[in-house]
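Inspection log for the structure reproduced underneath, given as structure tokens.
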Amino acid sequence: MEFLTLNNGIQIPQLGIGTYRLNDPDISEQAVLEALRDGYRLVDTAEIYHNERYIGSALRECGLPRESLFVTTKIWPAHYRGDRPRRALEHSLKRLGSDYVDLLLLHQYFGDWKNAWKQLERMQEEGLARSIGVCNFYTVRSIAEFDSFAHVAPAVDQVECHPLIQHGALQHYLEGVGIRLMAWYPLGHGNTLLLEQPVLMELSRQYRKSVPQIILRWHIQKGHIVIPKSTNPRHIKADINVFNFTLTEEEMKMIDGLNMGRSLLRRWEHLEKIKYCILR
Ligand SMILES: NC(=O)c1ccc[n+]([C@@H]2O[C@H](COP(=O)([O-])OP(=O)(O)OC[C@H]3O[C@@H](n4cnc5c(N)ncnc54)[C@H](OP(=O)(O)O)[C@@H]3O)[C@@H](O)[C@H]2O)c1
């Protein structure tokens, strides 16, 4: 496992397990336990995934010291106003069975996110969150807004990122200001439009690695933090086995060339997300 240093000096594993739509108690707990046994130390969840309780069970069950684990959760926009962010985190911590999280993120660029950010700054000061950051801030302008009111800059921006959507301008800006890009949908949510790209299939053949391993290796070499999700023990094991080969500069460029600014978030999921932001 490789580690990156965040802008507050904290070390983060560069690869972890994602848990979106993992909400069956047994399947969620088993997938996270399997990952921890295989050497994963970062687990990415969110209050809106409704699985923090099962992840908490896996974190206790695994027998690893809490300090060796890196737990990320997120606050949903319904909890951005007043002192709701604090209450939301308290509930998350109870479900996770922990006194703190390693990274606390605002889940969407929406509503009174500036109030929520100020609360996150306080919670970080109090040690409830070791690092704080955001998700789904896609424009340079949205990230630059922190300059006008925040005391603490986000440690990460978690955005949809894979070879078909690379956010060149955002990535360049984040690098310049020391904010790490954390890639969600790192494998394009398993969509064949990505997994069957001939360039990736050819590299897979050459390196005797699966296409997902080639994609994850590309992310690692780009400096992204990645959180692939899987419930399949073979895939979980394979997805972390990406630190023993290196793509050449030319191969990296070939994968860069796949960028088409194409989100693989399905339309109904996008509408569901908007509906939840407004109604919940
Ligand atoms: N902040 C946000 O707004 C946001 C939004 C979405 C997601 N996320 C986070 O990002 C994480 C990752 O996103 P995701 O789970 O949707 O998509 P993903 O990791 O890009 O793709 C997951 C899909 O890839 C398959 N897969 C994984 N490893 C594989 C392998 N080695 N071979 C073949 N197939 C493989 C999985 O199927 P199997 O289970 O069969 O292996 C699953 O269908 C989420 O779990 C969540 O933690 C954050």
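Ordering of the structure tokens sets the chain letters (A, B, ...), residue numbers begin anew at 1 in every chain, and ligands are numbered from 1 in the order given.
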
Within 6 Å of ligand 1, which residues of chain A come that close, and what is the closest atom pair and distance in Å for each? Count only C-alpha atoms and all ligand atoms and give it as CSV.
residue,atom,partner,partner_atom_place_in_ligand_line,distance
A:Gly18,CA,ligand 1,47 (O),3.3
A:Thr19,CA,ligand 1,45 (O),3.8
A:Tyr20,CA,ligand 1,45 (O),3.6
A:Asp44,CA,ligand 1,47 (O),4.8
A:Thr45,CA,ligand 1,47 (O),5.4
A:His107,CA,ligand 1,1 (N),5.7
A:Cys135,CA,ligand 1,1 (N),5.1
A:Gln158,CA,ligand 1,1 (N),5.7
A:Trp184,CA,ligand 1,10 (O),3.7
A:Tyr185,CA,ligand 1,20 (O),3.2
A:Pro186,CA,ligand 1,20 (O),4.2
A:Leu187,CA,ligand 1,20 (O),3.3
A:Gly188,CA,ligand 1,20 (O),4.2
A:His189,CA,ligand 1,21 (O),3.3
A:Gly190,CA,ligand 1,24 (O),3.8
A:Pro212,CA,ligand 1,31 (N),5.2
A:Ile227,CA,ligand 1,11 (C),5.1
A:Pro228,CA,ligand 1,19 (O),3.3
A:Lys229,CA,ligand 1,19 (O),4.0
A:Ser230,CA,ligand 1,39 (O),3.4
A:Thr231,CA,ligand 1,39 (O),4.1
A:Asn232,CA,ligand 1,41 (O),4.7
A:His235,CA,ligand 1,31 (N),3.8
A:Ala238,CA,ligand 1,31 (N),5.5
A:Asp239,CA,ligand 1,31 (N),5.2

Test item, strand (DSSP E) assignment across segment 58-192 of chain A, answer as a ChimeraX atom specification: /A:70-75,103-106,132-135,156-160,180-184

Just the selected residues (C-alpha atoms), exported as a short mmCIF file (atom, residue, chain, number, x, y, z; two decimals), in the first residue's frame, please.
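Now in again-v2.cif:
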data_model
loop_
_atom_site.label_atom_id
_atom_site.label_comp_id
_atom_site.auth_asym_id
_atom_site.auth_seq_id
_atom_site.Cartn_x
_atom_site.Cartn_y
_atom_site.Cartn_z
CA PHE A 70 -8.67 5.36 7.86
CA VAL A 71 -12.44 5.95 7.90
CA THR A 72 -14.16 8.48 5.68
CA THR A 73 -17.77 9.55 5.98
CA LYS A 74 -19.85 12.36 4.50
CA ILE A 75 -22.56 14.81 5.53
CA LEU A 103 -11.83 12.31 6.90
CA LEU A 104 -15.18 14.08 6.98
CA LEU A 105 -16.59 15.33 3.68
CA LEU A 106 -19.44 17.58 2.58
CA ILE A 132 -12.02 17.65 6.32
CA GLY A 133 -12.86 17.95 2.65
CA VAL A 134 -15.54 18.06 0.01
CA CYS A 135 -17.17 15.97 -2.70
CA VAL A 156 -9.52 16.43 -0.67
CA ASP A 157 -12.11 16.91 -3.38
CA GLN A 158 -13.88 13.60 -4.07
CA VAL A 159 -15.26 13.65 -7.63
CA GLU A 160 -16.31 11.21 -10.33
CA ARG A 180 -5.88 15.79 -3.26
CA LEU A 181 -8.27 14.40 -5.87
CA MET A 182 -10.13 11.36 -4.55
CA ALA A 183 -11.76 9.45 -7.41
CA TRP A 184 -15.26 8.04 -7.05
#

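The spacing separating atom CA of Arg84 of chain A from atom CA of Asn136 of chain A amounts to 20.2 Å.
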
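Using only C-alpha atoms, the shortest contact distance between Gly16 of chain A and any of A:Thr248, A:Asn259, A:Asn241, A:Thr139 is found at A:Asn241.
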
- request: Using DSSP on the backbone coordinates, identify the residues of segment 75-269 of chain A assigned to alpha helix (DSSP H); present them as a VMD selection string.
  value: chain A and resid 84 to 96 113 to 125 140 to 144 168 to 177 192 to 195 198 to 207 211 to 222 233 to 240 249 to 256 267 to 269

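Nearest residue to Arg141 of chain A, choosing from A:Cys62, A:Ala169, A:Val199, A:Pro25 and counting only C-alpha atoms: A:Ala169.
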
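Using only C-alpha atoms, the shortest contact distance between Ile236 of chain A and any of A:Arg21, A:Arg262, A:Arg37, A:His172 is found at A:Arg37.
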
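The spacing separating atom CA of Gln197 of chain A from atom CA of Val226 of chain A amounts to 20.0 Å.
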
Under the rule of at most 10 Å, produce a per-residue listing of segment 165-243 of chain A near segment 143-148 of chain A: chain, number, name, the closest pair of atoms, and the distance in Å, as JSON lines, using only C-alpha atoms.
{"residue": "A:Leu170", "atom": "CA", "partner": "A:Ile143", "partner_atom": "CA", "distance": 8.9}
{"residue": "A:Tyr173", "atom": "CA", "partner": "A:Ile143", "partner_atom": "CA", "distance": 9.0}
{"residue": "A:Leu174", "atom": "CA", "partner": "A:Ile143", "partner_atom": "CA", "distance": 8.4}
{"residue": "A:Val177", "atom": "CA", "partner": "A:Ala144", "partner_atom": "CA", "distance": 9.6}
{"residue": "A:Ile179", "atom": "CA", "partner": "A:Ile143", "partner_atom": "CA", "distance": 9.6}

Could the residues in this selection be written to a file with C-alpha atoms, as a PDB file, in the first residue's frame?
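File written: out-v9.pdb
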ATOM      1  CA  LEU A 170      -9.784  21.007 -11.963  1.00  0.00           C
ATOM      2  CA  TYR A 173      -5.825  23.588 -10.025  1.00  0.00           C
ATOM      3  CA  LEU A 174      -6.143  21.135  -7.126  1.00  0.00           C
ATOM      4  CA  VAL A 177      -3.264  24.448  -4.181  1.00  0.00           C
ATOM      5  CA  ILE A 179      -5.803  19.517  -2.474  1.00  0.00           C
TER       6      ILE A 179
END

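Using only C-alpha atoms, the smallest distance between any of A:Glu47, A:Asp38, A:Glu90, A:Glu29 and Glu61 of chain A comes from A:Glu29.
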
What lies within 8 Å of Val32 of chain A using only C-alpha atoms, ignoring chain neighbours under 5 positions off, as a CSV table (one decimal) with N, CA and C atoms, in the first residue's frame?
chain,number,residue,atom,x,y,z
A,17,ILE,N,-11.5,0.9,0.1
A,17,ILE,CA,-12.8,0.2,-0.5
A,17,ILE,C,-13.9,1.2,-0.4
A,43,VAL,N,-11.6,3.0,4.4
A,43,VAL,CA,-13.0,2.6,4.0
A,43,VAL,C,-13.8,3.9,3.8
A,55,ILE,N,-20.6,-1.2,8.6
A,55,ILE,CA,-19.1,-1.0,8.5
A,55,ILE,C,-18.5,-0.9,9.9
A,58,ALA,N,-17.8,-4.3,11.0
A,58,ALA,CA,-16.5,-4.9,10.4
A,58,ALA,C,-15.3,-4.3,11.0

- request: Point out the residue among A:Ala155, A:Leu42, A:Leu164, A:Leu64 with the least atom-to-atom distance to Leu15 of chain A, counting only C-alpha atoms.
  value: A:Leu42
